[in-house]
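Notes follow once the structure below has been shown.
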2 protein chains.
Amino acid sequence: MAMERDTAQRRAIREVFEASERPLGPREVLDAAQAMVPSLGIATVYRTVKALVEEGWLVPVELPGEPPRHERAGKKHHHHFVCESCDRVFEVEGCPGNFRSVVPEGFQLDRHDLVLYGRCATCGD
Amino acid sequence: MAMERDTAQRRAIREVFEASERPLGPREVLDAAQAMVPSLGIATVYRTVKALVEEGWLVPVELPGEPPRHERAGKKHHHHFVCESCDRVFEVEGCPGNFRSVVPEGFQLDRHDLVLYGRCATCGD
DNA sequence: CGATAATTGATTATACGTTATCGTTAGCGG
DNA sequence: CCGCTAACGATAACGTATAATCAATTATCG
């Protein structure tokens, strides 16, 4: 599964992630990539995303209560905003807070994950 | 499913949650409650937890990439610490940070979820 | 104390996301 | 332009968490 060949499907999937500023789920990838390769199947999306993760080009984005989405690897530390209206996930930069302060005595903090919920600008209110 | 009768199984499950200061998954509930009712089955745990959520006595605790755990409802705002060694989830009180500041222009922030990862005091290092 | 029906526990079934299968298509080195 | 085989797409199979089924048990009430 080393992705030896350069196919239209893989180009399309990579382009979709490169053009997106937010994490995408398999269905979102499929829909967007089908604009370039209409015959694209969901199996190829899963296969390709998995391979791109293994080669370090993508990273999974896990959110509570839903299947993983993926985004380009190598971004600087950031968190995510989930729009509860359109279900899209946005990247938010920066990291407010001094999380060390709430960790109980004797606990060792390695990393953290902050998820914001609300409505995105497009969904207004 | 209004839990009309007071059974040993239900008493045991409620006591397990009352005695716990941290969110529990179905298996944890089963193991702990079997100390009181050895014959307890996992189906009853699912049934009872679901009923306790519906009547507002429990709330689900969703963490990225794993099935929901549950804790007593009515606690004051807090977050969770996941020990990556023993897989237990602890409650941390307080809420550091001014999350509003990282929300993009035009986005409306309704709530947030912070998950800390590391090692608990028991697992030391 | 019964009778009734809610509850239980073992088990099977379901839901859903992801992966495996397999015959067909097509990239690419020769 | 061939031939080899990676890759594809459709679909079946899978894993896992949870819910449904159902005969046996048991809480509750007259």
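Residues are referred to by chain and number: the chain letter is A, B, ... according to the order shown in the structure tokens, the number counts from 1 in that chain, and ligands are numbered separately from 1 in the order shown.
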
Would you give me, as a PDB file with C-alpha atoms (C1' of nucleotides), in the first residue's frame, the residues of chain C that come within 10 Å of chain A, using only C-alpha atoms (C1' of nucleotides)?
ATOM      1  C1'  DG C  17     -17.917   2.974  10.029  1.00  0.00           C
ATOM      2  C1'  DT C  18     -14.264   0.819   7.997  1.00  0.00           C
ATOM      3  C1'  DT C  19     -11.820  -2.969   5.611  1.00  0.00           C
ATOM      4  C1'  DA C  26      -5.173   1.757 -16.253  1.00  0.00           C
ATOM      5  C1'  DG C  27      -0.177   3.596 -14.825  1.00  0.00           C
ATOM      6  C1'  DC C  28       4.251   2.995 -16.272  1.00  0.00           C
TER       7       DC C  28
END

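Secondary structure of range 42-112 of chain A, strand (DSSP E) only (DSSP, backbone atoms): Leu58, Val59, Pro60, Val61, Glu62, Leu63, Glu66, Pro67, Pro68, Arg69, His70, Glu71, Arg72, His78, His79, His80, Phe81, Val82, Cys83, Val89, Phe90, Glu91, Val92, Glu93, Gln108, Leu109, Asp110, Arg111 and His112 of chain A.
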
(Q) Among range 11-124 of chain B, which ones does DSSP assign to alpha helix (DSSP H) (computed from the backbone)? Answer as a PyMOL selection string. (A) chain B and resi 11-19+26-33+42-54

Q. Which distance in Å separates CA of Phe107 in chain B and CA of Ala73 in chain A, to one decimal?
A. 25.0 Å

Q: Restrict the distance test to only C-alpha atoms (C1' of nucleotides), flag each residue of chain D within 12 Å of chain A, and return the flagged residues as a list of chain:residue names.
A: D:DT5, D:DA6, D:DA7, D:DC8, D:DG9, D:DA10, D:DT11

Q: Write out as an MDAnalysis selection string each polymer residue whose atoms come within 12 Å of DG30 in chain D, counting only C-alpha atoms (C1' of nucleotides); drop sequence neighbours fewer than 5 positions from it.
A: chainID C and resid 1:4

Q: Compile the residues of chain B that lie within 12 Å of chain A, evaluated using only C-alpha atoms, and express the compilation as a ChimeraX atom specification.
A: /B:60-69,78-85,90-125

**Q.** Within 12 Å of DT14 in chain C using only C-alpha atoms (C1' of nucleotides), minus same-chain residues under 4 positions, as an NGL selection string
**A.** :D and (16-20)

Include C-alpha atoms (C1' of nucleotides) and write out the residues we just selected as a short mmCIF file (atom, residue, chain, number, x, y, z; two decimals), in the first residue's frame.
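Final output, selection-v3.cif:
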data_model
loop_
_atom_site.label_atom_id
_atom_site.label_comp_id
_atom_site.auth_asym_id
_atom_site.auth_seq_id
_atom_site.Cartn_x
_atom_site.Cartn_y
_atom_site.Cartn_z
"C1'" DT D 16 -17.66 -3.06 17.96
"C1'" DA D 17 -20.97 -0.86 20.77
"C1'" DT D 18 -25.59 -0.94 21.76
"C1'" DA D 19 -30.44 -2.49 21.42
"C1'" DA D 20 -34.04 -6.11 20.93
#

Q | Near-range 12-21 of chain B list (9 Å; only C-alpha atoms (C1' of nucleotides); drop same-chain fewer than 4 positions) as a list in words | A | Thr7, Ala8, Val29, Leu30, Ala32, Ala33, Gln34, Ala35, Met36, Val37, Val45, Thr48, Val49, Leu52, Leu58, His70, Glu71, Arg72, Phe90 and Glu91 of chain B

Q: Just give me the gap between CA of His77 in chain B and CA of Arg22 in chain B in Å, one decimal is fine.
A: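 Value for the CA of His77 in chain B-CA of Arg22 in chain B distance: 13.8 Å.
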
Q. Could you state the separation of C1' of DC14 in chain D and C1' of DA13 in chain C in Å, given to one decimal place?
A.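 About the pair C1' of DC14 in chain D and C1' of DA13 in chain C: they are 15.3 Å apart.
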
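The shell of residues at most 12 Å from DA23 in chain D, with only C-alpha atoms (C1' of nucleotides) counted and near chain neighbours (fewer than 6 positions) removed, consists of DT8, DG9, DA10 and DT11 of chain C.
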